[in-house]
Amino acid sequence: MEIVRFSPPVLLYLNELVDVLFYENYFIIRESAIDYVIRLIDIAESKIVKKQLQCS
């Protein structure tokens with residue numbers, strides 16, 4: 001299994017994204033915003049791993 005590591009600024013951005021999504025009423029429940037960002041991370045990781053495997 002490949003491991004994808006995000007830089008600290010990216011992690012900070014993703015954490016802030018949760019707050020923006022919640023406070024700007026894109027999600028009524030904060031946990032839903034967290035779940036959404038986790039899904040975005042999962043998608044990004046799978047795309048990165050797929051791209052790495054294609055290049056090797």
# chains A, B, ... in the order shown; residues from 1 in each chain; ligands from 1
$ residues_around --residues "stretch 15-21 of chain A" --least-positions-apart "2" --cutoff "12 Å" --atoms "only C-alpha atoms" --output "JSON, numbers by chain"
{"A": [8, 9, 10, 11, 12, 13, 23, 24, 25, 26, 27, 28, 29, 30, 31, 32, 33, 34, 35, 36, 37, 38, 39, 40, 41]}
$ write_last_selection --atoms "C-alpha atoms" --output "PDB file, in the first residue's frame"
ATOM      1  CA  PRO A   8       1.740  20.980   6.707  1.00  0.00           C
ATOM      2  CA  PRO A   9       0.296  23.915   4.705  1.00  0.00           C
ATOM      3  CA  VAL A  10      -2.006  21.530   2.828  1.00  0.00           C
ATOM      4  CA  LEU A  11      -3.156  19.932   6.084  1.00  0.00           C
ATOM      5  CA  LEU A  12      -3.811  23.379   7.542  1.00  0.00           C
ATOM      6  CA  TYR A  13      -5.806  24.332   4.441  1.00  0.00           C
ATOM      7  CA  TYR A  23     -19.612  28.394   9.009  1.00  0.00           C
ATOM      8  CA  GLU A  24     -20.642  29.392   5.487  1.00  0.00           C
ATOM      9  CA  ASN A  25     -23.563  26.957   5.822  1.00  0.00           C
ATOM     10  CA  TYR A  26     -22.520  24.553   3.110  1.00  0.00           C
ATOM     11  CA  PHE A  27     -23.092  21.907   5.783  1.00  0.00           C
ATOM     12  CA  ILE A  28     -25.432  22.252   8.750  1.00  0.00           C
ATOM     13  CA  ILE A  29     -23.609  19.637  10.810  1.00  0.00           C
ATOM     14  CA  ARG A  30     -19.845  20.086  11.350  1.00  0.00           C
ATOM     15  CA  GLU A  31     -19.292  16.327  11.188  1.00  0.00           C
ATOM     16  CA  SER A  32     -20.716  16.356   7.655  1.00  0.00           C
ATOM     17  CA  ALA A  33     -18.115  18.941   6.633  1.00  0.00           C
ATOM     18  CA  ILE A  34     -15.416  16.754   8.200  1.00  0.00           C
ATOM     19  CA  ASP A  35     -16.696  13.696   6.333  1.00  0.00           C
ATOM     20  CA  TYR A  36     -16.698  15.671   3.082  1.00  0.00           C
ATOM     21  CA  VAL A  37     -13.086  16.776   3.507  1.00  0.00           C
ATOM     22  CA  ILE A  38     -12.058  13.223   4.419  1.00  0.00           C
ATOM     23  CA  ARG A  39     -13.658  12.036   1.172  1.00  0.00           C
ATOM     24  CA  LEU A  40     -11.728  14.731  -0.730  1.00  0.00           C
ATOM     25  CA  ILE A  41      -8.511  13.492   0.869  1.00  0.00           C
TER      26      ILE A  41
END
$ select_by_dssp --residues "chain A" --states "helix (DSSP H, G or I)" --output "ChimeraX atom specification"
/A:8-23,30-55
$ closest_atom_pairs --of "stretch 1-26 of chain A" --to "stretch 42-53 of chain A" --cutoff "12 Å" --atoms "only C-alpha atoms" --output "CSV"
residue,atom,partner,partner_atom,distance
A:Met1,CA,A:Val49,CA,9.0
A:Glu2,CA,A:Val49,CA,6.5
A:Ile3,CA,A:Val49,CA,8.0
A:Val4,CA,A:Glu45,CA,6.1
A:Arg5,CA,A:Glu45,CA,8.8
A:Phe6,CA,A:Glu45,CA,9.4
A:Val10,CA,A:Ala44,CA,11.9
A:Leu14,CA,A:Ala44,CA,12.0
